[in-house]
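S.K.: Okay, so here is final_9.txt, and as you'll see once you scroll down, it has compact mmCIF, C-alpha atoms.
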```txt
# COMPACT_ATOMS: atom_id res chain seq x y z
CA MET A 184 98.67 123.65 103.41
CA THR A 185 95.49 123.11 105.39
CA ARG A 186 94.88 122.27 109.02
CA SER A 187 98.06 121.80 110.97
CA LYS A 188 98.49 120.40 114.46
CA ARG A 189 101.35 120.85 116.85
CA CYS A 190 102.79 117.38 117.30
CA TRP A 191 104.72 116.13 120.33
CA THR A 192 105.94 112.67 121.27
CA ILE A 193 108.19 111.58 124.14
CA HIS A 194 109.29 107.95 124.11
CA PRO A 195 108.76 105.95 127.32
CA ALA A 196 112.20 105.98 128.92
CA VAL A 197 114.22 108.09 131.33
CA PHE A 198 114.82 111.37 129.50
CA ALA A 199 116.55 114.61 130.27
CA LEU A 200 115.73 116.81 127.31
CA ALA A 201 112.54 118.60 126.32
CA VAL A 202 112.39 120.29 122.94
CA ALA A 203 110.33 122.91 121.16
CA VAL A 204 109.43 122.90 117.48
CA LEU A 205 109.40 125.80 115.08
CA ALA A 206 106.60 125.27 112.56
CA VAL A 207 107.76 126.10 109.04
CA PRO A 208 104.95 126.59 106.53
CA CYS A 209 104.85 125.48 102.93
CA ILE A 210 105.99 128.36 100.73
CA ALA A 211 104.67 129.28 97.31
CA GLY A 212 106.58 127.82 94.39
CA GLY A 213 108.03 124.94 96.38
CA TYR A 214 108.13 123.13 99.70
CA ARG A 215 110.48 124.08 102.48
CA ASN A 216 112.09 121.42 104.64
CA ILE A 217 110.01 121.28 107.83
CA ALA A 218 112.54 119.18 109.76
CA VAL A 219 114.08 121.23 112.57
CA ASN A 220 117.87 121.57 112.69
CA PRO A 221 118.17 118.98 109.90
CA SER A 222 121.98 118.99 109.75
CA PHE A 223 122.53 119.13 113.54
CA GLU A 224 124.46 122.40 113.23
CA GLU A 225 122.61 124.26 115.98
CA LEU A 226 123.75 123.21 119.46
CA ASP A 227 122.36 124.02 122.88
CA ALA A 228 124.39 124.95 125.96
CA ASP A 229 125.18 121.27 126.58
CA GLY A 230 126.52 120.73 123.07
CA TRP A 231 123.47 118.73 122.02
CA ALA A 232 121.53 119.17 118.76
CA ALA A 233 118.84 121.78 119.40
CA GLY A 234 115.30 120.60 118.68
CA TRP A 235 116.14 116.90 118.92
CA GLY A 236 115.60 114.59 121.89
CA GLN A 237 116.82 111.10 122.62
CA THR A 238 115.73 108.45 125.06
CA LEU A 239 118.31 108.04 127.80
CA GLU A 240 119.17 105.44 130.42
CA GLN A 241 120.26 105.86 134.00
CA LEU A 242 123.60 104.31 134.91
CA PRO A 243 123.68 102.34 138.17
CA PRO A 244 125.43 104.17 141.03
CA THR A 245 129.09 103.38 141.67
CA ALA A 246 130.71 102.73 145.06
CA ASP A 247 132.79 105.90 144.91
CA ALA A 248 129.98 108.20 143.79
CA PRO A 249 129.12 110.88 146.33
CA PRO A 250 125.68 110.25 147.90
CA THR A 251 124.48 113.69 146.79
CA GLU A 252 125.50 113.25 143.14
CA ALA A 253 122.60 113.16 140.67
CA PRO A 254 122.14 109.92 138.70
CA LYS A 255 124.14 109.90 135.47
CA LEU A 256 122.09 109.74 132.29
CA VAL A 257 123.64 108.45 129.07
CA GLY A 258 122.43 107.85 125.53
CA VAL A 259 123.60 106.15 122.37
CA TYR A 260 123.47 109.34 120.27
CA SER A 261 125.92 112.23 120.19
CA VAL A 262 126.76 115.18 117.96
CA SER A 263 129.85 114.34 115.90
CA THR A 264 132.29 116.29 113.75
CA ASP A 265 133.54 113.07 112.12
CA SER A 266 133.27 113.66 108.33
CA PRO A 267 129.78 115.18 108.16
CA ARG A 268 128.11 115.19 104.77
CA THR A 269 127.56 118.96 104.95
CA GLY A 270 128.43 121.64 107.48
CA HIS A 271 130.39 120.91 110.64
CA ASN A 272 128.22 118.33 112.45
CA CYS A 273 126.30 115.12 112.03
CA LEU A 274 124.46 112.79 114.42
CA ARG A 275 126.33 109.72 115.66
CA PHE A 276 124.80 106.46 116.94
CA GLU A 277 126.77 103.78 118.74
CA ASN A 278 125.29 100.74 120.45
CA ARG A 279 126.92 97.42 121.40
CA ASP A 280 123.96 95.90 123.24
CA PRO A 281 121.29 94.31 120.98
CA LYS A 282 118.78 94.51 123.85
CA LYS A 283 119.10 98.30 123.95
CA TYR A 284 116.74 100.15 121.62
CA ARG A 285 116.95 103.93 121.48
CA LEU A 286 115.62 106.59 119.11
CA CYS A 287 116.53 110.21 118.44
CA THR A 288 113.38 112.18 117.65
CA HIS A 289 111.87 115.56 117.24
CA PRO A 290 108.16 116.46 117.08
CA ILE A 291 106.97 117.83 113.79
CA ASP A 292 103.95 119.62 112.33
CA LEU A 293 102.09 117.51 109.78
CA ALA A 294 98.76 118.38 108.18
CA PRO A 295 96.09 115.63 108.25
CA GLY A 296 95.25 114.49 104.75
CA GLU A 297 98.64 115.50 103.34
CA ARG A 298 101.42 113.18 102.15
CA TYR A 299 105.10 113.66 102.91
CA GLU A 300 108.46 112.53 101.63
CA LEU A 301 111.26 112.01 104.12
CA LYS A 302 114.96 111.69 103.47
CA ALA A 303 118.22 111.41 105.36
CA TRP A 304 121.82 110.58 104.52
CA VAL A 305 123.37 107.69 106.44
CA ARG A 306 126.73 105.98 106.69
CA THR A 307 127.47 102.93 108.78
CA GLN A 308 130.23 100.92 110.41
CA GLY A 309 129.53 97.32 111.40
CA ILE A 310 125.74 97.64 111.69
CA THR A 311 124.62 94.04 112.21
CA GLY A 312 121.45 92.23 113.20
CA SER A 313 118.25 91.00 111.58
CA GLY A 314 116.73 94.42 110.87
CA SER A 315 117.26 96.62 107.83
CA GLY A 316 119.75 98.92 109.55
CA ALA A 317 120.17 102.64 110.16
CA THR A 318 117.19 104.60 108.90
CA ILE A 319 114.57 107.26 109.62
CA CYS A 320 110.83 107.14 110.18
CA MET A 321 107.77 109.30 110.74
CA GLU A 322 105.05 108.23 113.16
CA TRP A 323 101.77 109.68 114.30
CA SER A 324 99.36 109.07 117.16
CA ASP A 325 95.99 110.41 118.26
CA GLU A 326 95.23 112.92 121.01
CA ASN A 327 95.50 110.16 123.62
CA GLY A 328 98.96 109.16 122.42
CA ARG A 329 97.73 105.94 120.79
CA PHE A 330 99.89 104.93 117.81
CA ILE A 331 97.95 105.03 114.53
CA GLY A 332 100.55 104.78 111.77
CA GLY A 333 103.86 105.75 110.25
CA THR A 334 106.33 105.47 107.39
CA TYR A 335 109.43 103.26 107.67
CA PRO A 336 111.98 103.36 104.81
CA VAL A 337 114.46 100.51 104.43
CA GLY A 338 117.76 101.37 106.13
CA VAL A 339 121.47 100.81 105.64
CA LYS A 340 123.47 98.05 107.31
CA GLY A 341 126.99 96.66 107.27
CA THR A 342 129.84 99.09 106.60
CA THR A 343 129.53 101.75 103.89
CA SER A 344 132.32 103.58 102.09
CA GLY A 345 130.38 106.86 102.13
CA TRP A 346 126.99 108.49 102.66
CA ARG A 347 123.88 106.75 101.35
CA ARG A 348 120.42 108.21 100.95
CA VAL A 349 117.45 106.76 102.85
CA TYR A 350 114.15 107.83 101.29
CA GLY A 351 110.46 107.18 101.86
CA ARG A 352 107.00 108.57 101.16
CA SER A 353 104.03 108.50 103.47
CA ASP A 354 100.40 107.79 102.80
CA ALA A 355 97.98 110.56 103.68
CA VAL A 356 98.32 111.49 107.34
CA PRO A 357 95.15 110.30 109.15
CA GLU A 358 92.58 112.93 110.05
CA ASN A 359 92.84 112.02 113.73
CA ALA A 360 96.63 112.44 113.88
CA ALA A 361 97.47 114.87 116.69
CA LYS A 362 101.02 113.97 117.67
CA CYS A 363 103.75 113.35 115.12
CA HIS A 364 107.50 112.95 115.13
CA ILE A 365 110.43 112.08 112.94
CA ALA A 366 113.18 109.78 114.22
CA CYS A 367 116.73 108.83 113.30
CA TYR A 368 117.40 105.34 114.60
CA VAL A 369 118.81 101.87 114.05
CA ARG A 370 116.32 99.04 113.91
CA LYS A 371 115.63 97.06 117.06
CA GLY A 372 118.13 94.32 117.94
CA MET A 373 120.92 95.79 115.81
CA THR A 374 124.34 97.02 116.91
CA GLY A 375 127.22 99.03 115.48
CA VAL A 376 127.94 102.65 114.59
CA ALA A 377 125.95 104.93 112.29
CA TRP A 378 125.97 108.60 111.33
CA PHE A 379 122.99 110.69 110.15
CA ASP A 380 122.97 114.03 108.33
CA ASP A 381 120.76 116.32 106.22
CA VAL A 382 117.33 115.11 107.35
CA SER A 383 114.47 116.35 105.20
CA VAL A 384 110.67 116.27 105.51
CA ARG A 385 108.65 117.92 102.75
CA PRO A 386 105.02 117.75 101.59
CA TYR A 387 104.65 115.43 98.63
CA ARG A 388 102.17 115.51 95.81
CA ARG A 389 101.58 112.39 93.79
CA PRO A 390 101.59 112.80 89.99
CA LEU A 391 98.34 114.30 88.74
CA VAL A 392 97.93 111.27 86.44
CA ARG A 393 99.12 107.90 87.71
CA ALA A 394 99.12 104.45 86.12
CA ILE A 395 96.61 103.13 83.60
CA SER A 396 95.00 99.74 84.19
CA THR A 397 92.34 97.75 82.34
CA ASN A 398 90.02 94.84 83.03
CA ALA A 399 91.67 92.93 80.17
CA TYR A 400 93.53 89.97 81.65
CA ARG A 401 97.23 90.37 80.87
CA GLY A 402 96.30 93.29 78.63
CA THR A 403 94.39 91.27 76.00
CA PHE A 404 90.68 91.19 75.21
CA ALA A 405 88.64 89.81 72.32
CA GLY A 406 84.98 90.71 72.74
CA GLY A 407 82.74 92.94 74.78
CA ARG A 408 84.46 96.08 75.97
CA ALA A 409 87.66 97.00 77.69
CA LEU A 410 87.25 99.15 80.79
CA VAL A 411 90.19 101.50 81.23
CA ARG A 412 90.91 103.03 84.63
CA VAL A 413 93.34 105.93 85.03
CA GLY A 414 94.59 106.83 88.50
CA LEU A 415 94.24 110.52 89.41
CA SER A 416 95.40 112.60 92.38
CA LEU A 417 92.95 115.51 92.30
CA ASP A 418 92.81 115.89 96.08
CA ASP A 419 96.58 116.43 96.19
CA TYR A 420 96.11 119.58 94.12
CA GLY A 421 92.86 120.77 95.69
CA LEU A 422 90.93 120.00 92.49
CA THR A 423 87.41 118.75 91.89
CA PRO A 424 86.40 116.52 88.94
CA GLU A 425 84.55 119.48 87.39
CA GLN A 426 87.80 121.43 87.07
CA VAL A 427 89.60 118.91 84.85
CA THR A 428 89.23 117.56 81.34
CA ALA A 429 90.39 114.11 80.31
CA THR A 430 90.77 112.31 76.98
CA LEU A 431 91.88 108.78 76.12
CA LYS A 432 93.60 108.35 72.74
CA VAL A 433 94.16 104.90 71.25
CA SER A 434 97.03 104.67 68.75
CA ASP A 435 97.94 101.71 66.58
CA GLU A 436 101.50 100.42 66.11
CA GLY A 437 102.09 103.00 63.39
CA GLY A 438 101.09 105.88 65.65
CA VAL A 439 97.76 106.46 63.89
CA ILE A 440 94.88 107.45 66.19
CA ALA A 441 92.36 104.59 66.02
CA ALA A 442 89.97 105.91 68.66
CA GLU A 443 89.51 108.88 70.94
CA THR A 444 87.04 108.88 73.80
CA PRO A 445 85.99 111.02 76.78
CA PRO A 446 85.69 109.49 80.24
CA SER A 447 82.51 107.82 81.40
CA GLN A 448 83.34 108.97 84.93
CA ILE A 449 85.83 111.24 86.70
CA ALA A 450 86.37 110.97 90.46
CA PRO A 451 89.14 112.40 92.68
CA GLU A 452 91.12 109.14 92.55
CA TYR A 453 90.41 107.84 89.04
CA ALA A 454 88.82 108.34 85.63
CA THR A 455 87.22 105.50 83.69
CA PHE A 456 86.87 104.99 79.94
CA GLU A 457 85.13 102.33 77.85
CA LEU A 458 86.49 100.80 74.65
CA PRO A 459 84.10 98.50 72.73
CA ALA A 460 85.93 95.68 70.95
CA SER A 461 83.98 96.53 67.82
CA SER A 462 85.75 99.90 67.61
CA LEU A 463 89.21 98.33 67.24
CA ALA A 464 90.66 95.97 64.66
CA PRO A 465 92.82 93.13 66.04
CA GLY A 466 96.25 94.42 67.00
CA THR A 467 98.27 96.03 69.79
CA TYR A 468 97.50 99.62 70.74
CA THR A 469 98.96 102.36 72.92
CA LEU A 470 96.54 104.01 75.33
CA THR A 471 97.40 107.61 76.24
CA CYS A 472 95.37 109.54 78.79
CA GLN A 473 95.80 113.33 78.86
CA VAL A 474 94.37 115.27 81.80
CA ASP A 475 94.32 119.08 81.78
CA VAL A 476 93.39 121.75 84.31
CA PRO A 477 92.89 124.78 82.04
CA ARG A 478 92.73 127.44 84.76
CA ARG A 479 95.87 126.18 86.50
CA ARG A 480 98.06 125.46 83.47
CA LEU A 481 98.42 122.01 84.98
CA SER A 482 98.41 118.77 83.03
CA GLY A 483 99.45 115.14 83.24
CA LYS A 484 99.75 112.13 80.99
CA ALA A 485 100.13 108.36 81.28
CA SER A 486 100.35 105.51 78.76
CA ALA A 487 99.83 101.75 78.59
CA THR A 488 99.38 99.04 75.98
CA LEU A 489 96.30 97.00 75.14
CA THR A 490 95.87 94.13 72.68
CA ARG A 491 92.65 93.45 70.81
CA ALA A 492 92.61 89.79 69.72
CA GLU A 493 90.35 87.85 67.40
CA ALA A 494 89.81 85.34 70.19
CA VAL A 495 91.36 84.40 73.52
CA GLY A 496 92.22 80.75 74.08
CA ASP A 497 91.07 78.65 76.99
CA ARG A 498 92.74 79.51 80.26
CA ALA A 499 92.84 77.14 83.20
CA ALA A 500 93.12 80.01 85.67
CA TYR A 501 92.73 83.74 85.11
CA ILE A 502 91.31 86.97 86.58
CA ASP A 503 88.10 88.10 84.90
CA GLY A 504 86.75 91.60 84.35
CA HIS A 505 85.10 91.55 87.78
CA HIS A 506 88.46 90.79 89.44
CA ARG A 507 87.44 87.21 90.25
CA LEU A 508 89.76 84.24 89.98
CA ILE A 509 88.26 81.81 87.44
CA VAL A 510 89.54 78.21 87.62
CA ASN A 511 88.37 75.76 84.95
CA GLY A 512 85.55 78.12 84.00
CA GLU A 513 84.16 78.62 87.51
CA PRO A 514 84.76 81.35 90.14
CA PHE A 515 87.24 80.12 92.74
CA PHE A 516 87.98 81.85 96.05
CA PRO A 517 91.43 80.69 97.23
CA LEU A 518 91.40 80.06 100.96
CA GLY A 519 94.68 78.68 102.24
CA THR A 520 97.76 78.91 104.40
CA TYR A 521 101.48 79.26 104.05
CA TRP A 522 102.93 75.78 103.86
CA ASN A 523 106.13 73.79 104.19
CA THR A 524 106.19 70.74 101.99
CA THR A 525 109.25 68.83 103.12
CA ARG A 526 111.05 70.19 106.17
CA GLY A 527 110.91 67.53 108.87
CA HIS A 528 108.32 65.52 106.96
CA THR A 529 108.43 61.88 106.02
CA THR A 530 106.41 60.90 102.98
CA SER A 531 103.73 59.32 105.15
CA LEU A 532 103.53 62.36 107.42
CA ALA A 533 103.22 64.70 104.42
CA GLU A 534 100.37 62.55 103.09
CA GLU A 535 98.68 62.61 106.49
CA HIS A 536 98.94 66.39 106.68
CA LEU A 537 97.43 66.79 103.23
CA ASP A 538 94.56 64.46 104.16
CA ILE A 539 93.79 66.56 107.26
CA TYR A 540 94.04 69.76 105.25
CA ALA A 541 91.80 68.48 102.46
CA ASP A 542 89.15 67.65 105.06
CA SER A 543 89.05 71.30 106.16
CA ALA A 544 87.60 74.47 104.64
CA PHE A 545 90.95 75.26 102.98
CA ASN A 546 91.31 74.70 99.25
CA CYS A 547 94.88 75.78 98.41
CA ILE A 548 98.40 76.06 99.81
CA MET A 549 101.22 78.54 99.27
CA PRO A 550 104.57 76.90 100.08
CA TYR A 551 107.68 78.99 100.68
CA ASP A 552 109.92 76.05 99.78
CA SER A 553 108.63 75.50 96.25
CA TRP A 554 112.13 74.61 95.02
CA ASN A 555 111.73 71.29 96.88
CA ILE A 556 108.50 70.32 95.16
CA ASP A 557 108.28 67.66 92.48
CA PRO A 558 105.31 66.91 90.20
CA ALA A 559 104.27 63.97 92.39
CA TYR A 560 103.50 66.36 95.25
CA LEU A 561 101.29 68.43 92.97
CA ASP A 562 99.64 65.20 91.85
CA GLY A 563 98.78 64.58 95.51
CA LEU A 564 97.25 68.02 95.81
CA ASN A 565 95.19 67.56 92.67
CA LYS A 566 93.94 64.15 93.84
CA ARG A 567 92.60 65.82 96.99
CA GLY A 568 91.03 68.75 95.16
CA LEU A 569 93.63 71.21 96.47
CA LYS A 570 95.34 73.99 94.51
CA ILE A 571 98.78 75.57 94.83
CA ILE A 572 100.12 79.12 94.53
CA PHE A 573 103.66 78.30 93.45
CA SER A 574 106.44 80.48 94.87
CA VAL A 575 109.32 81.79 92.77
CA LYS A 576 109.87 84.71 95.18
CA ASP A 577 113.37 83.60 96.23
CA PHE A 578 114.89 83.40 92.78
CA TYR A 579 116.63 86.74 92.35
CA LYS A 580 120.19 88.02 92.15
CA GLY A 581 122.04 87.47 95.41
CA ARG A 582 119.62 84.84 96.70
CA ARG A 583 120.00 81.05 96.63
CA GLY A 584 123.37 81.25 94.92
CA LEU A 585 122.16 83.27 91.93
CA ALA A 586 124.91 85.60 90.73
CA SER A 587 122.97 87.64 88.16
CA GLU A 588 119.50 88.57 86.96
CA GLU A 589 120.06 86.31 83.96
CA ASP A 590 120.72 83.36 86.29
CA ALA A 591 117.48 84.12 88.10
CA ARG A 592 115.53 84.33 84.84
CA ILE A 593 116.86 80.93 83.73
CA VAL A 594 115.88 79.28 87.02
CA ILE A 595 112.40 80.82 87.05
CA GLU A 596 111.82 79.76 83.44
CA SER A 597 112.81 76.20 84.31
CA TYR A 598 110.18 76.05 87.07
CA VAL A 599 107.54 77.63 84.86
CA GLU A 600 108.20 75.15 82.05
CA ARG A 601 108.09 72.26 84.48
CA PHE A 602 104.85 73.11 86.28
CA LYS A 603 102.85 75.57 84.15
CA ASP A 604 100.38 72.98 82.82
CA HIS A 605 99.76 71.12 86.06
CA PRO A 606 96.05 71.14 87.01
CA ALA A 607 96.82 71.96 90.68
CA LEU A 608 98.52 75.26 89.76
CA ILE A 609 96.42 78.45 89.96
CA ALA A 610 98.99 81.26 90.37
CA TRP A 611 102.67 82.22 90.72
CA TYR A 612 103.83 83.88 93.93
CA ILE A 613 106.49 86.31 92.66
CA ASN A 614 107.36 88.72 95.50
CA ASP A 615 107.56 88.87 99.26
CA GLU A 616 108.79 92.08 100.94
CA LEU A 617 111.73 92.35 98.52
```
Translate the structure described by the file into structure tokens.

M.R.:
Amino acid sequence: MTRSKRCWTIHPAVFALAVAVLAVPCIAGGYRNIAVNPSFEELDADGWAAGWGQTLEQLPPTADAPPTEAPKLVGVYSVSTDSPRTGHNCLRFENRDPKKYRLCTHPIDLAPGERYELKAWVRTQGITGSGSGATICMEWSDENGRFIGGTYPVGVKGTTSGWRRVYGRSDAVPENAAKCHIACYVRKGMTGVAWFDDVSVRPYRRPLVRAISTNAYRGTFAGGRALVRVGLSLDDYGLTPEQVTATLKVSDEGGVIAAETPPSQIAPEYATFELPASSLAPGTYTLTCQVDVPRRRLSGKASATLTRAEAVGDRAAYIDGHHRLIVNGEPFFPLGTYWNTTRGHTTSLAEEHLDIYADSAFNCIMPYDSWNIDPAYLDGLNKRGLKIIFSVKDFYKGRRGLASEEDARIVIESYVERFKDHPALIAWYINDEL
């Protein structure tokens, strides 16, 4: 581990608990959990989880309260012995007011430039609301307390029959991060009961060799050369490009090596290779990149497929080797907005909106309600020189009445068959925060 900063954060609310953090270093041969009191077993004199703090609220005074009595502070978190996952304790959350938003946090030492994985076990009872539920997060801010980033895994909602794991990985902690904390919490606006146990924060190294990508559209090229890019994580291991060797092997469908080439460039985040079309006969090949660090007995490998074709047919819309969208043979920069095609619209109003839109700088639309669209609407777009990014993002199991992945596949295929050749179509919108 490199530079480490002591990290403290107190949330803006009435609070009655200040905590100290014990910094736990990374140990050789593995990474120790740097979360303090992760199973809430250690209690202070008040029976609260040592090392953790929660934002509290002040109850209004009552008529029978003595005038000298200190204001009563209460929170939504407590230490519970109700069926912990391990040990004797767990952390309990209970909130019935959706306007109340409270977190249970402890400051934590994170090293700028490092990545971390965070984990907790959660069970819930009646967690409801529009958020993703009971979860954990890590956040960091600069020396002035200004928020600069964080990691927010998807949580658990509803009622669970047992403990469920919540897991996330951070990007590299920013160099200007000075204050950091981890929090157990339930997303804003949600109510119910949740329990947390066995919180974990550990440094995370990405694989030495990550995915392989090429400039061949949909993995097929005919002429020229294929540029192969292999993701690397040299900085995660403290390595420089000079300390590693890399080779790209190209195997045919029978496993015979058809080509073997060194990289044209190695950088901390990637290695690049070049494959001339003339070096490969038409066919489908497996690309395998092997990266070795001889002095560290460290290595990594990744594979992908690539097809060398005699020729590639005409494509109305595709991404070229320079990552440009090409539409009807010309570069096209899609500039558009999210769109609603039918809700609250009469036919005349829809036509009027498209006329206004076509008279602007915009050249495409991306409707969320693509299931309402018929070919006539796309005809109207095409007549005005507008393009569409067609959404199939909502066709998956559990959405729009689809009971299985097979049902979703059938519906998506029906839309593709219906609209794939329309001249207004330039792309399929396949995912949105799923």

S.K.: Find the residues around Gly519 in chain A up to 10 Å (only C-alpha atoms counted), leave out those fewer than 6 positions away in its own chain, and share them as a list in words.

M.R.: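 Using only C-alpha atoms, the neighbours found are Tyr540, Ala544, Phe545, Asn546, Cys547, Ile548, Met549, Leu569, Lys570, Ile571 and Ile572 of chain A.
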
S.K.: Just the residues within 9 Å of Thr524 in chain A, please, counting all atoms listed in the file, with nothing from its chain fewer than 4 positions along; format it as an mmCIF file with C-alpha atoms, in the frame of the given file.

M.R.:
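Output contents, as saved in out_26.cif:
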```
data_model
loop_
_atom_site.group_PDB
_atom_site.id
_atom_site.type_symbol
_atom_site.label_atom_id
_atom_site.label_comp_id
_atom_site.auth_asym_id
_atom_site.auth_seq_id
_atom_site.Cartn_x
_atom_site.Cartn_y
_atom_site.Cartn_z
ATOM 1 C CA HIS A 528 108.320 65.520 106.960
ATOM 2 C CA ALA A 533 103.220 64.700 104.420
ATOM 3 C CA PRO A 550 104.570 76.900 100.080
ATOM 4 C CA TYR A 551 107.680 78.990 100.680
ATOM 5 C CA ASP A 552 109.920 76.050 99.780
ATOM 6 C CA SER A 553 108.630 75.500 96.250
ATOM 7 C CA ASN A 555 111.730 71.290 96.880
ATOM 8 C CA ILE A 556 108.500 70.320 95.160
ATOM 9 C CA TYR A 560 103.500 66.360 95.250
#
```

S.K.: Using all atoms listed in the file, determine which residues lie at most 7 Å from range 345-356 of chain A, disregarding the query and same-chain residues fewer than 3 positions distant; provide the list as an mmCIF file with C-alpha atoms, in the coordinates of the input.

M.R.:
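Generated output (selection.cif):
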```cif
data_model
loop_
_atom_site.group_PDB
_atom_site.id
_atom_site.type_symbol
_atom_site.label_atom_id
_atom_site.label_comp_id
_atom_site.auth_asym_id
_atom_site.auth_seq_id
_atom_site.Cartn_x
_atom_site.Cartn_y
_atom_site.Cartn_z
ATOM 1 C CA ALA A 294 98.760 118.380 108.180
ATOM 2 C CA PRO A 295 96.090 115.630 108.250
ATOM 3 C CA GLY A 296 95.250 114.490 104.750
ATOM 4 C CA GLU A 297 98.640 115.500 103.340
ATOM 5 C CA ARG A 298 101.420 113.180 102.150
ATOM 6 C CA TYR A 299 105.100 113.660 102.910
ATOM 7 C CA GLU A 300 108.460 112.530 101.630
ATOM 8 C CA LEU A 301 111.260 112.010 104.120
ATOM 9 C CA LYS A 302 114.960 111.690 103.470
ATOM 10 C CA ALA A 303 118.220 111.410 105.360
ATOM 11 C CA TRP A 304 121.820 110.580 104.520
ATOM 12 C CA VAL A 305 123.370 107.690 106.440
ATOM 13 C CA ARG A 306 126.730 105.980 106.690
ATOM 14 C CA THR A 318 117.190 104.600 108.900
ATOM 15 C CA THR A 334 106.330 105.470 107.390
ATOM 16 C CA PRO A 336 111.980 103.360 104.810
ATOM 17 C CA GLY A 338 117.760 101.370 106.130
ATOM 18 C CA ALA A 360 96.630 112.440 113.880
#
```

S.K.: Quick one: which range 469-577 of chain A residues come within 12 Å of range 586-600 of chain A, and what is the nearest atom pair for each with the distance in Å to one decimal, counting all atoms listed in the file, rows ordered by chain and ascending number, as a tab-separated table?

M.R.:
```
residue	atom	partner	partner_atom	distance
A:Ser553	CA	A:Tyr598	CA	9.3
A:Trp554	CA	A:Tyr598	CA	8.3
A:Asn555	CA	A:Tyr598	CA	11.0
A:Ile556	CA	A:Tyr598	CA	10.1
A:Asp557	CA	A:Tyr598	CA	10.2
A:Pro558	CA	A:Tyr598	CA	10.8
A:Phe573	CA	A:Tyr598	CA	9.4
A:Ser574	CA	A:Tyr598	CA	9.7
A:Val575	CA	A:Ile595	CA	6.6
A:Lys576	CA	A:Ile595	CA	9.4
A:Asp577	CA	A:Ala591	CA	9.1
```

S.K.: Could you state the separation of CA of Leu532 in chain A and CA of Arg567 in chain A in Å, given to one decimal place?

M.R.: 15.5 Å

S.K.: Choose the residue, out of A:Arg491, A:Lys484, A:His271, A:Arg479, that has the smallest atom-to-atom separation from Ala429 in chain A; count all atoms listed in the file.

M.R.: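 Smallest separation from Ala429 in chain A among the options: A:Lys484.
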